[in-house]
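Dumped work_39.cif below, it's mmCIF, C-alpha atoms:
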```cif
data_coords
loop_
_atom_site.group_PDB
_atom_site.id
_atom_site.type_symbol
_atom_site.label_atom_id
_atom_site.label_comp_id
_atom_site.auth_asym_id
_atom_site.auth_seq_id
_atom_site.Cartn_x
_atom_site.Cartn_y
_atom_site.Cartn_z
ATOM 1 C CA MET A 1 -9.990 140.486 -18.873
ATOM 2 C CA ILE A 2 -8.703 139.019 -22.135
ATOM 3 C CA LEU A 3 -5.417 140.462 -23.407
ATOM 4 C CA THR A 4 -4.717 140.135 -27.140
ATOM 5 C CA LEU A 5 -1.254 140.615 -28.630
ATOM 6 C CA VAL A 6 -1.652 142.690 -31.794
ATOM 7 C CA GLU A 7 0.912 142.702 -34.582
ATOM 8 C CA THR A 8 0.992 145.723 -36.858
ATOM 9 C CA ASP A 9 2.265 146.827 -40.233
ATOM 10 C CA ALA A 10 2.272 150.184 -41.995
ATOM 11 C CA THR A 11 -1.509 150.085 -42.446
ATOM 12 C CA GLY A 12 -2.452 149.139 -38.873
ATOM 13 C CA ALA A 13 -3.306 145.837 -37.181
ATOM 14 C CA THR A 14 -2.686 142.752 -39.303
ATOM 15 C CA GLU A 15 -5.633 140.667 -40.460
ATOM 16 C CA VAL A 16 -4.656 137.671 -38.305
ATOM 17 C CA SER A 17 -4.401 139.982 -35.294
ATOM 18 C CA LEU A 18 -7.943 141.233 -35.875
ATOM 19 C CA GLU A 19 -9.035 137.597 -36.113
ATOM 20 C CA ALA A 20 -7.383 137.003 -32.725
ATOM 21 C CA VAL A 21 -9.208 140.035 -31.295
ATOM 22 C CA THR A 22 -12.508 138.632 -32.577
ATOM 23 C CA PHE A 23 -11.712 135.306 -30.925
ATOM 24 C CA GLY A 24 -10.824 137.215 -27.758
ATOM 25 C CA ARG A 25 -14.286 138.802 -27.772
ATOM 26 C CA THR A 26 -15.843 135.334 -27.915
ATOM 27 C CA LEU A 27 -13.702 134.245 -24.997
ATOM 28 C CA ALA A 28 -14.553 137.442 -23.104
ATOM 29 C CA ARG A 29 -18.251 136.635 -23.377
ATOM 30 C CA ARG A 30 -17.434 133.328 -21.661
ATOM 31 C CA THR A 31 -15.511 134.993 -18.820
ATOM 32 C CA GLY A 32 -17.684 138.087 -18.561
ATOM 33 C CA GLY A 33 -14.776 140.516 -18.911
ATOM 34 C CA PRO A 34 -13.519 143.101 -21.413
ATOM 35 C CA VAL A 35 -11.015 142.742 -24.249
ATOM 36 C CA HIS A 36 -7.731 144.652 -24.146
ATOM 37 C CA ALA A 37 -4.981 144.785 -26.779
ATOM 38 C CA LEU A 38 -1.213 145.029 -26.487
ATOM 39 C CA VAL A 39 0.901 146.744 -29.147
ATOM 40 C CA VAL A 40 4.675 146.405 -28.781
ATOM 41 C CA GLY A 41 7.023 148.996 -30.281
ATOM 42 C CA THR A 42 5.797 151.060 -33.208
ATOM 43 C CA ARG A 43 2.117 152.066 -33.011
ATOM 44 C CA PRO A 44 0.819 152.980 -36.478
ATOM 45 C CA ASP A 45 -1.529 155.927 -36.914
ATOM 46 C CA GLY A 46 -5.148 154.854 -36.759
ATOM 47 C CA VAL A 47 -4.558 151.476 -35.108
ATOM 48 C CA VAL A 48 -6.273 152.553 -31.879
ATOM 49 C CA ASP A 49 -9.457 153.548 -33.725
ATOM 50 C CA GLN A 50 -9.206 150.340 -35.735
ATOM 51 C CA LEU A 51 -9.070 148.247 -32.556
ATOM 52 C CA ALA A 52 -11.925 150.233 -31.009
ATOM 53 C CA GLY A 53 -13.994 149.177 -34.020
ATOM 54 C CA HIS A 54 -13.279 145.562 -33.090
ATOM 55 C CA GLY A 55 -14.414 145.867 -29.479
ATOM 56 C CA VAL A 56 -11.136 146.694 -27.715
ATOM 57 C CA GLY A 57 -11.667 148.936 -24.688
ATOM 58 C CA GLU A 58 -8.021 149.507 -23.722
ATOM 59 C CA VAL A 59 -4.830 149.494 -25.784
ATOM 60 C CA HIS A 60 -1.605 148.886 -23.859
ATOM 61 C CA HIS A 61 1.440 150.206 -25.718
ATOM 62 C CA ALA A 62 4.886 148.945 -24.721
ATOM 63 C CA THR A 63 7.464 151.599 -25.545
ATOM 64 C CA GLY A 64 11.203 151.914 -25.116
ATOM 65 C CA GLU A 65 14.473 151.416 -26.961
ATOM 66 C CA ALA A 66 14.380 147.662 -26.294
ATOM 67 C CA PHE A 67 11.272 147.361 -28.482
ATOM 68 C CA ALA A 68 12.649 149.204 -31.501
ATOM 69 C CA ALA A 69 13.417 145.816 -33.094
ATOM 70 C CA TYR A 70 11.575 142.517 -32.816
ATOM 71 C CA GLY A 71 12.828 139.799 -30.512
ATOM 72 C CA GLY A 72 10.801 136.874 -29.188
ATOM 73 C CA ALA A 73 12.093 137.180 -25.612
ATOM 74 C CA VAL A 74 11.839 140.987 -25.646
ATOM 75 C CA TRP A 75 8.209 140.923 -26.755
ATOM 76 C CA ALA A 76 7.446 138.192 -24.214
ATOM 77 C CA ALA A 77 8.842 140.461 -21.490
ATOM 78 C CA ALA A 78 6.394 143.163 -22.574
ATOM 79 C CA VAL A 79 3.466 140.726 -22.569
ATOM 80 C CA GLN A 80 4.485 139.382 -19.155
ATOM 81 C CA ALA A 81 4.606 142.910 -17.756
ATOM 82 C CA ALA A 82 1.162 143.677 -19.199
ATOM 83 C CA VAL A 83 -0.257 140.477 -17.681
ATOM 84 C CA ALA A 84 1.178 141.375 -14.276
ATOM 85 C CA ALA A 85 -0.251 144.899 -14.456
ATOM 86 C CA THR A 86 -3.731 143.900 -15.623
ATOM 87 C CA GLY A 87 -4.308 140.467 -14.122
ATOM 88 C CA ALA A 88 -5.412 139.103 -17.499
ATOM 89 C CA GLU A 89 -7.354 135.842 -17.367
ATOM 90 C CA ALA A 90 -6.113 134.832 -20.811
ATOM 91 C CA VAL A 91 -3.568 135.981 -23.375
ATOM 92 C CA VAL A 92 -4.472 135.492 -27.036
ATOM 93 C CA ALA A 93 -2.125 135.968 -30.002
ATOM 94 C CA PRO A 94 -2.420 135.351 -33.737
ATOM 95 C CA GLY A 95 -1.051 132.015 -34.928
ATOM 96 C CA SER A 96 1.692 133.777 -36.890
ATOM 97 C CA PRO A 97 5.418 132.987 -36.597
ATOM 98 C CA ARG A 98 5.804 135.880 -34.164
ATOM 99 C CA GLY A 99 2.672 135.064 -32.215
ATOM 100 C CA LEU A 100 3.720 131.442 -31.773
ATOM 101 C CA GLU A 101 7.247 132.380 -30.696
ATOM 102 C CA VAL A 102 6.186 135.048 -28.220
ATOM 103 C CA MET A 103 3.492 132.902 -26.624
ATOM 104 C CA ALA A 104 5.936 129.987 -26.254
ATOM 105 C CA HIS A 105 8.336 132.318 -24.413
ATOM 106 C CA LEU A 106 5.500 133.662 -22.279
ATOM 107 C CA ALA A 107 4.161 130.231 -21.306
ATOM 108 C CA ALA A 108 7.646 129.126 -20.275
ATOM 109 C CA ARG A 109 8.143 132.269 -18.160
ATOM 110 C CA LEU A 110 4.777 131.885 -16.427
ATOM 111 C CA ASP A 111 5.068 128.073 -16.145
ATOM 112 C CA VAL A 112 1.661 127.505 -17.732
ATOM 113 C CA PRO A 113 0.632 125.349 -20.710
ATOM 114 C CA MET A 114 0.189 126.890 -24.144
ATOM 115 C CA ALA A 115 -2.422 125.930 -26.736
ATOM 116 C CA ALA A 116 -1.255 126.622 -30.294
ATOM 117 C CA ASN A 117 -3.455 126.908 -33.398
ATOM 118 C CA VAL A 118 -6.778 127.109 -31.560
ATOM 119 C CA VAL A 119 -9.853 127.082 -33.797
ATOM 120 C CA GLY A 120 -12.665 127.187 -31.236
ATOM 121 C CA LEU A 121 -13.866 126.961 -27.658
ATOM 122 C CA GLY A 122 -15.412 123.914 -26.049
ATOM 123 C CA THR A 123 -19.136 124.036 -25.352
ATOM 124 C CA GLU A 124 -18.367 124.014 -21.632
ATOM 125 C CA ASP A 125 -15.365 124.326 -19.350
ATOM 126 C CA ASP A 126 -14.194 121.789 -16.766
ATOM 127 C CA GLY A 127 -14.328 123.680 -13.486
ATOM 128 C CA GLU A 128 -11.656 126.365 -13.656
ATOM 129 C CA ALA A 129 -10.065 124.815 -16.757
ATOM 130 C CA LEU A 130 -10.674 126.448 -20.132
ATOM 131 C CA ARG A 131 -11.466 123.898 -22.864
ATOM 132 C CA VAL A 132 -10.276 124.752 -26.395
ATOM 133 C CA THR A 133 -10.169 122.950 -29.738
ATOM 134 C CA ARG A 134 -6.969 123.213 -31.755
ATOM 135 C CA GLN A 135 -5.486 121.966 -35.003
ATOM 136 C CA VAL A 136 -2.800 119.294 -34.761
ATOM 137 C CA VAL A 137 -0.829 117.188 -37.269
ATOM 138 C CA GLY A 138 -0.682 120.063 -39.722
ATOM 139 C CA GLY A 139 -4.422 120.620 -39.482
ATOM 140 C CA ALA A 140 -5.312 117.024 -40.314
ATOM 141 C CA ALA A 141 -6.905 116.450 -36.918
ATOM 142 C CA LEU A 142 -8.555 118.411 -34.107
ATOM 143 C CA GLU A 143 -7.666 118.031 -30.445
ATOM 144 C CA GLU A 144 -9.471 119.204 -27.339
ATOM 145 C CA MET A 145 -7.145 120.675 -24.726
ATOM 146 C CA LEU A 146 -7.722 121.873 -21.187
ATOM 147 C CA LEU A 147 -5.956 124.956 -19.874
ATOM 148 C CA PRO A 148 -6.289 124.679 -16.090
ATOM 149 C CA LEU A 149 -3.888 127.467 -15.068
ATOM 150 C CA ARG A 150 -4.136 131.226 -15.345
ATOM 151 C CA PRO A 151 -3.478 133.098 -17.410
ATOM 152 C CA ALA A 152 -4.559 130.800 -20.226
ATOM 153 C CA VAL A 153 -2.070 131.248 -23.080
ATOM 154 C CA LEU A 154 -3.072 130.454 -26.653
ATOM 155 C CA THR A 155 -2.687 131.342 -30.316
ATOM 156 C CA VAL A 156 -5.517 131.397 -32.853
ATOM 157 C CA ALA A 157 -4.992 129.532 -36.131
ATOM 158 C CA GLY A 158 -4.927 131.860 -39.122
ATOM 159 C CA HIS A 159 -8.369 132.282 -40.740
ATOM 160 C CA ALA A 160 -9.997 129.944 -38.205
ATOM 161 C CA VAL A 161 -12.324 132.823 -37.365
ATOM 162 C CA GLN A 162 -13.402 135.798 -39.412
ATOM 163 C CA ALA A 163 -12.443 139.253 -38.156
ATOM 164 C CA GLU A 164 -15.694 141.000 -37.318
ATOM 165 C CA GLN A 165 -16.197 144.674 -36.598
ATOM 166 C CA VAL A 166 -18.581 145.970 -33.944
ATOM 167 C CA PRO A 167 -19.878 149.461 -33.137
ATOM 168 C CA PRO A 168 -16.796 151.369 -31.908
ATOM 169 C CA VAL A 169 -16.348 151.454 -28.147
ATOM 170 C CA PRO A 170 -14.621 154.146 -26.068
ATOM 171 C CA VAL A 171 -10.938 153.240 -25.907
ATOM 172 C CA THR A 172 -8.164 154.171 -23.483
ATOM 173 C CA VAL A 173 -4.466 154.068 -24.402
ATOM 174 C CA ARG A 174 -2.015 153.160 -21.644
ATOM 175 C CA GLU A 175 1.678 153.487 -22.434
ATOM 176 C CA PHE A 176 4.249 151.710 -20.316
ATOM 177 C CA SER A 177 7.975 150.959 -20.518
ATOM 178 C CA PRO A 178 8.670 147.567 -18.947
ATOM 179 C CA GLU A 179 12.128 146.596 -17.773
ATOM 180 C CA VAL A 180 13.947 144.151 -20.045
ATOM 181 C CA ALA A 181 16.734 141.850 -18.869
ATOM 182 C CA GLU A 182 20.003 141.880 -20.777
ATOM 183 C CA ALA A 183 19.525 138.188 -21.571
ATOM 184 C CA ASP A 184 16.318 139.035 -23.448
ATOM 185 C CA LEU A 185 18.232 141.318 -25.798
ATOM 186 C CA VAL A 186 20.613 138.639 -27.077
ATOM 187 C CA THR A 187 18.431 137.559 -29.999
ATOM 188 C CA ARG A 188 16.746 140.333 -31.944
ATOM 189 C CA VAL A 189 16.206 141.388 -35.539
ATOM 190 C CA VAL A 190 19.275 143.438 -36.531
ATOM 191 C CA SER A 191 18.455 144.151 -40.182
ATOM 192 C CA THR A 192 15.603 143.802 -42.622
ATOM 193 C CA GLU A 193 15.270 143.719 -46.397
ATOM 194 C CA PRO A 194 12.249 144.482 -48.553
ATOM 195 C CA ALA A 195 10.195 141.348 -49.058
ATOM 196 C CA ALA A 196 9.305 140.040 -52.473
ATOM 197 C CA PRO A 197 5.872 141.224 -53.590
ATOM 198 C CA ASP A 198 3.114 139.178 -51.937
ATOM 199 C CA LEU A 199 0.841 138.085 -54.737
ATOM 200 C CA SER A 200 -1.284 135.710 -52.633
ATOM 201 C CA GLY A 201 -3.845 138.308 -51.526
ATOM 202 C CA ALA A 202 -6.442 137.380 -54.147
ATOM 203 C CA LEU A 203 -6.192 133.741 -53.099
ATOM 204 C CA THR A 204 -6.434 134.226 -49.335
ATOM 205 C CA SER A 205 -9.351 136.656 -49.560
ATOM 206 C CA ALA A 206 -11.366 134.846 -52.250
ATOM 207 C CA LYS A 207 -14.839 133.552 -51.417
ATOM 208 C CA VAL A 208 -14.435 130.818 -54.042
ATOM 209 C CA VAL A 209 -11.193 128.977 -54.775
ATOM 210 C CA VAL A 210 -10.700 126.420 -57.530
ATOM 211 C CA GLY A 211 -7.652 124.258 -56.882
ATOM 212 C CA ALA A 212 -5.754 121.792 -59.064
ATOM 213 C CA GLY A 213 -3.026 119.297 -58.313
ATOM 214 C CA ARG A 214 -1.051 116.544 -59.955
ATOM 215 C CA GLY A 215 -4.195 115.491 -61.808
ATOM 216 C CA ALA A 216 -3.787 118.511 -64.076
ATOM 217 C CA GLY A 217 -1.100 116.480 -65.832
ATOM 218 C CA GLY A 218 1.183 119.369 -66.739
ATOM 219 C CA ALA A 219 1.524 123.109 -67.188
ATOM 220 C CA GLU A 220 -0.995 123.008 -70.028
ATOM 221 C CA GLY A 221 -3.672 121.296 -67.903
ATOM 222 C CA PHE A 222 -4.996 124.314 -66.011
ATOM 223 C CA ALA A 223 -7.118 125.990 -68.682
ATOM 224 C CA SER A 224 -10.443 124.512 -67.543
ATOM 225 C CA VAL A 225 -9.887 125.127 -63.805
ATOM 226 C CA ALA A 226 -8.750 128.687 -64.509
ATOM 227 C CA GLU A 227 -11.909 129.195 -66.569
ATOM 228 C CA LEU A 228 -14.060 127.793 -63.743
ATOM 229 C CA ALA A 229 -12.416 130.149 -61.251
ATOM 230 C CA GLU A 230 -13.171 133.066 -63.571
ATOM 231 C CA LEU A 231 -16.781 131.990 -64.111
ATOM 232 C CA LEU A 232 -17.323 131.808 -60.336
ATOM 233 C CA GLY A 233 -15.505 135.069 -59.636
ATOM 234 C CA GLY A 234 -12.921 133.188 -57.610
ATOM 235 C CA ALA A 235 -9.200 132.515 -57.493
ATOM 236 C CA LEU A 236 -7.013 129.692 -58.743
ATOM 237 C CA GLY A 237 -4.982 127.677 -56.233
ATOM 238 C CA VAL A 238 -2.648 124.705 -56.573
ATOM 239 C CA SER A 239 -0.987 121.994 -54.516
ATOM 240 C CA ARG A 240 2.703 121.898 -53.594
ATOM 241 C CA VAL A 241 3.614 119.339 -56.251
ATOM 242 C CA VAL A 242 2.359 121.727 -58.937
ATOM 243 C CA THR A 243 4.729 124.502 -57.880
ATOM 244 C CA SER A 244 7.572 122.030 -57.281
ATOM 245 C CA MET A 245 7.279 120.888 -60.886
ATOM 246 C CA GLY A 246 7.192 124.466 -62.112
ATOM 247 C CA TRP A 247 3.728 124.210 -63.611
ATOM 248 C CA ARG A 248 2.371 127.236 -61.715
ATOM 249 C CA PRO A 249 3.883 130.078 -59.583
ATOM 250 C CA HIS A 250 4.408 129.663 -55.842
ATOM 251 C CA HIS A 251 1.989 132.434 -54.829
ATOM 252 C CA GLU A 252 -0.868 130.170 -55.970
ATOM 253 C CA GLN A 253 0.152 127.352 -53.605
ATOM 254 C CA ILE A 254 -2.247 126.278 -50.870
ATOM 255 C CA GLY A 255 -0.863 124.429 -47.879
ATOM 256 C CA GLN A 256 1.416 124.489 -44.882
ATOM 257 C CA THR A 257 4.213 126.098 -46.899
ATOM 258 C CA GLY A 258 1.824 128.144 -49.028
ATOM 259 C CA SER A 259 -1.326 130.113 -48.302
ATOM 260 C CA ARG A 260 -4.054 129.185 -45.856
ATOM 261 C CA ILE A 261 -7.508 129.789 -47.295
ATOM 262 C CA SER A 262 -11.002 129.933 -45.812
ATOM 263 C CA PRO A 263 -13.398 130.452 -48.747
ATOM 264 C CA ASP A 264 -17.101 129.728 -48.769
ATOM 265 C CA LEU A 265 -16.402 127.128 -51.470
ATOM 266 C CA TYR A 266 -13.212 125.255 -52.334
ATOM 267 C CA ILE A 267 -13.289 123.055 -55.453
ATOM 268 C CA ALA A 268 -10.274 120.716 -55.323
ATOM 269 C CA CYS A 269 -9.570 119.092 -58.685
ATOM 270 C CA GLY A 270 -7.089 116.257 -59.018
ATOM 271 C CA ILE A 271 -5.672 116.884 -55.533
ATOM 272 C CA SER A 272 -5.025 113.907 -53.285
ATOM 273 C CA GLY A 273 -5.343 115.938 -50.096
ATOM 274 C CA ALA A 274 -2.106 115.167 -48.269
ATOM 275 C CA ILE A 275 -1.683 116.599 -44.759
ATOM 276 C CA GLN A 276 0.438 119.503 -46.036
ATOM 277 C CA HIS A 277 -2.315 120.650 -48.403
ATOM 278 C CA TRP A 278 -5.128 119.977 -45.944
ATOM 279 C CA ALA A 279 -3.458 122.321 -43.441
ATOM 280 C CA GLY A 280 -4.052 125.139 -45.905
ATOM 281 C CA CYS A 281 -7.670 124.449 -46.835
ATOM 282 C CA ALA A 282 -9.236 122.839 -43.762
ATOM 283 C CA SER A 283 -10.986 126.106 -42.835
ATOM 284 C CA SER A 284 -12.989 126.135 -46.083
ATOM 285 C CA LYS A 285 -16.718 126.199 -45.332
ATOM 286 C CA THR A 286 -17.653 123.800 -48.173
ATOM 287 C CA ILE A 287 -15.308 121.548 -50.136
ATOM 288 C CA LEU A 288 -16.125 119.873 -53.443
ATOM 289 C CA ALA A 289 -13.550 117.300 -54.519
ATOM 290 C CA VAL A 290 -13.151 116.114 -58.121
ATOM 291 C CA ASN A 291 -10.922 113.051 -58.277
ATOM 292 C CA THR A 292 -10.629 109.665 -59.971
ATOM 293 C CA ASP A 293 -9.670 108.038 -56.648
ATOM 294 C CA GLU A 294 -12.662 107.633 -54.349
ATOM 295 C CA ALA A 295 -10.316 106.775 -51.468
ATOM 296 C CA ALA A 296 -8.191 109.921 -51.771
ATOM 297 C CA PRO A 297 -8.032 111.870 -48.482
ATOM 298 C CA MET A 298 -9.480 114.954 -50.157
ATOM 299 C CA VAL A 299 -12.501 112.943 -51.311
ATOM 300 C CA THR A 300 -13.124 111.332 -47.922
ATOM 301 C CA LYS A 301 -12.881 114.692 -46.106
ATOM 302 C CA ALA A 302 -14.825 116.756 -48.653
ATOM 303 C CA THR A 303 -18.391 117.960 -48.162
ATOM 304 C CA TYR A 304 -19.236 116.690 -51.654
ATOM 305 C CA ALA A 305 -17.275 114.654 -54.189
ATOM 306 C CA VAL A 306 -17.433 113.852 -57.884
ATOM 307 C CA ILE A 307 -15.552 110.715 -58.863
ATOM 308 C CA GLY A 308 -14.167 111.305 -62.328
ATOM 309 C CA ASP A 309 -11.415 112.814 -64.460
ATOM 310 C CA MET A 310 -11.068 116.552 -63.823
ATOM 311 C CA HIS A 311 -10.418 117.070 -67.549
ATOM 312 C CA GLU A 312 -13.914 115.750 -68.245
ATOM 313 C CA VAL A 313 -15.800 116.968 -65.165
ATOM 314 C CA VAL A 314 -14.588 120.579 -65.026
ATOM 315 C CA PRO A 315 -15.252 121.416 -68.705
ATOM 316 C CA ALA A 316 -18.757 119.971 -68.263
ATOM 317 C CA ILE A 317 -19.321 122.237 -65.238
ATOM 318 C CA ASN A 318 -18.070 125.236 -67.220
ATOM 319 C CA ALA A 319 -20.353 124.415 -70.134
ATOM 320 C CA GLU A 320 -23.374 124.111 -67.821
ATOM 321 C CA ILE A 321 -22.599 127.442 -66.145
ATOM 322 C CA ARG A 322 -22.316 129.156 -69.512
ATOM 323 C CA ARG A 323 -25.564 127.517 -70.704
ATOM 324 C CA ARG A 324 -27.505 128.658 -67.654
ATOM 325 C CA ARG A 325 -26.191 132.168 -68.014
ATOM 326 C CA GLY A 326 -27.312 132.217 -71.616
#
```
Go ahead and render the structure in this file as C-alpha cells.
Amino acid sequence: MILTLVETDATGATEVSLEAVTFGRTLARRTGGPVHALVVGTRPDGVVDQLAGHGVGEVHHATGEAFAAYGGAVWAAAVQAAVAATGAEAVVAPGSPRGLEVMAHLAARLDVPMAANVVGLGTEDDGEALRVTRQVVGGAALEEMLLPLRPAVLTVAGHAVQAEQVPPVPVTVREFSPEVAEADLVTRVVSTEPAAPDLSGALTSAKVVVGAGRGAGGAEGFASVAELAELLGGALGVSRVVTSMGWRPHHEQIGQTGSRISPDLYIACGISGAIQHWAGCASSKTILAVNTDEAAPMVTKATYAVIGDMHEVVPAINAEIRRRRG
C-alpha cells in the first residue's frame, strides 16, 4: 500500500498534494497495491470525494487536540502511527515546505533514507530497493537514488507530474487519534496572519509562458514579450534580477524563490538560465531560448534556441503571428 500525505486548504486538497497522489498511483502500479491518503487535523468538506476521484481507496484522518495547529514533529507522529497501522510500503508527500519537513522527521524516526524532490521512477528496481529520480542542485541536475529500506519515504517535486483524475472509486474513511509525545508539541504554529494576495496563479497554471530577464534592458523593455504572451494566450514571467531591480512585480518571478512552472511551452527571452531560475522552469515540456549568448545555460539546455537580440527577434515573431492570423 502507498500512503500519501495530503495537505488541505479551505477548498480541499492542495494541487501539489493531488500531484503527489497521482505519483502514488504510478508507484502503486509498480508494487501492485492500493493508494491511501492521510489528512492531519482539519478535514475540509468534499475532500474525501475529491480524493476518491484521484484513485484513493481509503482516507486516514488523524484527529485530536494535538493536531489543531501545524507542527512538523506532531504531523510526523501522525504519519508514523498511520504507517504502523497500515504497513505502508511507501510514504509519499508533496514537495512543499510542510511535506519536506514532515518527511524529514519521519525518515529520522524510522531510521530510513528520504528522497526529496522526486520527479520520476526508475525503469526497474534493484532487488528490494526502489529506484527514483530526483532533482538536485536546485533542479540543475537529476540524480538516481535507491531506497532499499521500507517504508520508502519521499517527496514529489512540485509540478513534476500533472494531477490526473480517474473514475471515482469507493472510499473508506478511518479516523484515529494517535498518541503524541510532549516533546513533539514544543514547536508548533501558535498564530497566523492573512497572507498577501497570491497573484501567481495565472503564471503557474499557464500552458504557455513568455519569460524575460536582464536582456529586457529596463522596465520599458517588456512591451514585446508581454504582447507575445497575449498573442499566445499565455502568461508573462521574469527572472529574479528583473524583480530585484524593480522592473516587474515579484508575483511574475520564476525560480527557486519565485514560482515553479510546467507549461507546454516556455519562451525564455534574454535570460541567462542560472540555477535559481532553472529550478523554476525545468519542468517545462518545451523550452525556446532567445539570447545573444550561444553559450548561456538557458540556450544549451533549451529544446530550441534563437541566437539574437530579443528586441529584434520577439517583435518579428509577433509580426509573423499577426500576419498569419490576418
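Using the PyMOL selection byres ((chain A and resi 245) around 12) on this structure selects A:Gly213, A:Arg214, A:Ala216, A:Gly217, A:Gly218, A:Ala219, A:Val238, A:Ser239, A:Arg240, A:Val241, A:Val242, A:Thr243, A:Ser244, A:Gly246, A:Trp247, A:Arg248, A:Pro249, A:His250.
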In Å, rounded to a single decimal, give me how far atom CA of A:Pro97 is from atom CA of A:Gly33.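 Going from atom CA of A:Gly33 over to atom CA of A:Pro97 covers 27.9 Å.
For the set A:Lys301, A:Arg188, A:Arg324, A:His54, the residue with the smallest atom-to-atom gap to A:Ile275 is A:Lys301, counting only C-alpha atoms.
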Closest to A:Ile267 among A:Thr63, A:Leu228, A:Val40, A:Gly211, using all atoms listed in the file?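 When distances to A:Ile267 are compared using all atoms listed in the file, the smallest one comes from A:Gly211.
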Running the PyMOL selection byres ((chain A and resi 315-318) around 8) on this model by hand, what would come out? Give it as a list in words.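 Checking the PyMOL selection byres ((chain A and resi 315-318) around 8) against this file, the residues are Ser224, Glu227, Leu228, Leu231, His311, Glu312, Val313, Val314, Ala319, Glu320, Ile321 and Arg322 of chain A.
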Run the PyMOL selection byres ((chain A and resi 137) around 12) against the file shown and list the residues it catches, as a ChimeraX atom specification. /A:116-117,134-136,138-143,256,274-279
Identify, on the basis of all atoms listed in the file, every residue whose closest approach to A:Arg29 does not exceed 12 Å; exclude the query and any residue fewer than 6 positions from it along the same chain; express the result as a list in words.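 Skipping anything fewer than 6 positions along the chain leaves Met1, Ile2, Thr22, Phe23, Val35, Gly55 and Leu121 of chain A.
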Separation of atom CA of A:Tyr304 and atom CA of A:Leu265, in Å? 10.8 Å
Rank A:Val171, A:Ala163, A:Val118, A:Ala181 by their smallest atom-to-atom distance to A:Met145, using all atoms listed in the file, and report the top residue only. A:Val118
Tell me, in Å to one decimal, how far atom CA of A:Gly12 is from atom CA of A:Gly41.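 Atom-to-atom, atom CA of A:Gly12 and atom CA of A:Gly41 are spaced 12.8 Å apart.
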Please output stretch 12-26 of chain A, rebuilt to include N, CA and C atoms, as a compact mmCIF listing (two decimals), keeping the file's coordinate frame.
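Output file out.txt follows:
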```txt
# COMPACT_ATOMS: atom_id res chain seq x y z
N GLY A 12 -1.73 149.33 -40.13
CA GLY A 12 -2.45 149.14 -38.87
C GLY A 12 -2.30 147.72 -38.37
N ALA A 13 -3.34 147.21 -37.68
CA ALA A 13 -3.31 145.84 -37.18
C ALA A 13 -3.40 144.85 -38.34
N THR A 14 -2.64 143.77 -38.25
CA THR A 14 -2.69 142.75 -39.30
C THR A 14 -4.01 142.00 -39.26
N GLU A 15 -4.36 141.38 -40.38
CA GLU A 15 -5.63 140.67 -40.46
C GLU A 15 -5.71 139.54 -39.43
N VAL A 16 -4.62 138.77 -39.27
CA VAL A 16 -4.66 137.67 -38.30
C VAL A 16 -4.77 138.20 -36.87
N SER A 17 -4.25 139.40 -36.62
CA SER A 17 -4.40 139.98 -35.29
C SER A 17 -5.85 140.35 -35.03
N LEU A 18 -6.53 140.90 -36.04
CA LEU A 18 -7.94 141.23 -35.88
C LEU A 18 -8.79 139.97 -35.70
N GLU A 19 -8.36 138.88 -36.34
CA GLU A 19 -9.04 137.60 -36.11
C GLU A 19 -8.86 137.17 -34.66
N ALA A 20 -7.64 137.36 -34.12
CA ALA A 20 -7.38 137.00 -32.72
C ALA A 20 -8.21 137.86 -31.78
N VAL A 21 -8.38 139.15 -32.11
CA VAL A 21 -9.21 140.04 -31.30
C VAL A 21 -10.66 139.55 -31.31
N THR A 22 -11.15 139.15 -32.48
CA THR A 22 -12.51 138.63 -32.58
C THR A 22 -12.68 137.39 -31.72
N PHE A 23 -11.68 136.50 -31.77
CA PHE A 23 -11.71 135.31 -30.92
C PHE A 23 -11.69 135.71 -29.45
N GLY A 24 -10.89 136.73 -29.13
CA GLY A 24 -10.82 137.22 -27.76
C GLY A 24 -12.17 137.71 -27.27
N ARG A 25 -12.94 138.35 -28.15
CA ARG A 25 -14.29 138.80 -27.77
C ARG A 25 -15.18 137.61 -27.42
N THR A 26 -15.05 136.54 -28.20
CA THR A 26 -15.84 135.33 -27.92
C THR A 26 -15.46 134.77 -26.55
```
